[in-house]
Amino acid sequence: MYDKANSAIERLNQLKSQHVKPVNNTSPPVRTQEEITIKPVADELLNIKTKPGKPAGRYDIAVVIGNANYSTGGTPNVDFALQDARVMKQYLTTTFGYDPANIIYLENATLAKMYEVFGTDNDYQGKLFKWVKPGQSRIFIYYVGHGAPDQESGEGYFVPVDATPQYIRTSGYKLSTFYENLAKIPAVQKTVVIDACFSGSSANGQLLQGVSGLTARLKSEPKASTAADILLTSAGMNQVAGWYPEKGHSLFTYFFLKGIQGSADTNRDGTITLGEMKAWLNDQVPYMARRLTGNEQQPVLLGRDSDELVVLKP
């Protein structure tokens with residue numbers, strides 16, 4: 001019996017060696033599908049064990065949108081937007097403690113999808129409004145992708161992946177509509193994190209073809225303070241939001257999540273307040289933007305310093 005077993009093992013090993021053996025001296029060895037798959041940049045935000053946090057409330061709702069691949073000719077892609085969105089979603093379910101069923105997650109959102117989630121100029125009751133339990137839900141919204149100004153009015157718009165920046169008034173999602181509809185949602189607290197610039201420029205080039213960056217500037221910024229209790233945006237309204245290629249993320253999102261990991265918890269009490277996050281981002285983002293690109297990038301951070309962003313478990 002043992003002789004037969006050993007013979008079978010020997011034969012199996014022979015077959016294995018034949019499987020990986022090159023066809024000839026010039027042919028490469030056959031690679032498995034796992035070996036062929038392109039490996040992503042090593043992501044330290046995921047390689048470092050994500051710290052668990054206090055569970056979010058039963059009715060707390062989050063929206064995550066990552067717009068990376070733009071279909072309009074001439075509109076540059078946002079290289080790290082999908083990685084940013086995917087990691088943000090993971091942090092929301094672990095450190096922020098959201099129920100995955102309470103996260104509205106969109107990759108490469110079209111204008112129709114953004115209307116569906118946030119509502120339109122004429123109907124503010126989108127999916128987010130209908131998911132919220134009045135007086136009990138907290139809201140967390142994260143958007144990463146392009147923003148753009150209308151050339152005539154100077155108003156800011158989110159840029160869906162099917163939008164044409166030159167005709168952003170008819171193909172984009174107006175920032176003022178976003179904030180007006182958000183203000184009508186009866187949630188306990190609303191946190192908005194926007195990793196986009198609205199200057200008409202991007203790290204991959206101009207959005208508005210044939211238009212000078214000096215003339216395509218955001219001339220007015222919607223009043224967000226009445227809609228969001230906490231508002232974090234990646235750059236000033238006429239600045240460019242940069243990337244951190246070595247880390248595989250946008251610069252702002254990378255440092256925001258590093259702060260959530262615990263780097264922003266300066267007093268080490270396990271609670272990261274908005275005041276601590278402001279100090280962390282104001283220290284890290286402008287410095288690294290100047291170092292990486294030579295550009296100025298100053299995050300805009302609004303809200304009460306005492307407000308809690310996340311409570312980490314010991």
# chains A, B, ... in the order shown; residues from 1 in each chain; ligands from 1
$ residues_around --residues "Leu312 of chain A" --least-positions-apart "5" --cutoff "10 Å" --atoms "only C-alpha atoms" --output "number ranges by chain"
A: 51-55, 94-97, 260-262, 265, 269-272
$ select_by_dssp --residues "segment 63-187 of chain A" --states "helix (DSSP H, G or I)" --output "PyMOL selection string"
chain A and resi 81-93+100-102+111-118+127-131+165-171+175-183
$ atom_distance --atom1 "atom CA of Ala235 of chain A" --atom2 "atom CA of Ala81 of chain A"
15.8 Å
$ residues_around --residues "segment 183-199 of chain A" --least-positions-apart "2" --cutoff "8 Å" --atoms "only C-alpha atoms" --output "PyMOL selection string"
chain A and resi 124+129+132-149+156-157+179-181+201-202+213+216-218+226-241+250+252-253
$ atom_distance --atom1 "atom CA of Met288 of chain A" --atom2 "atom CA of Leu251 of chain A"
7.9 Å
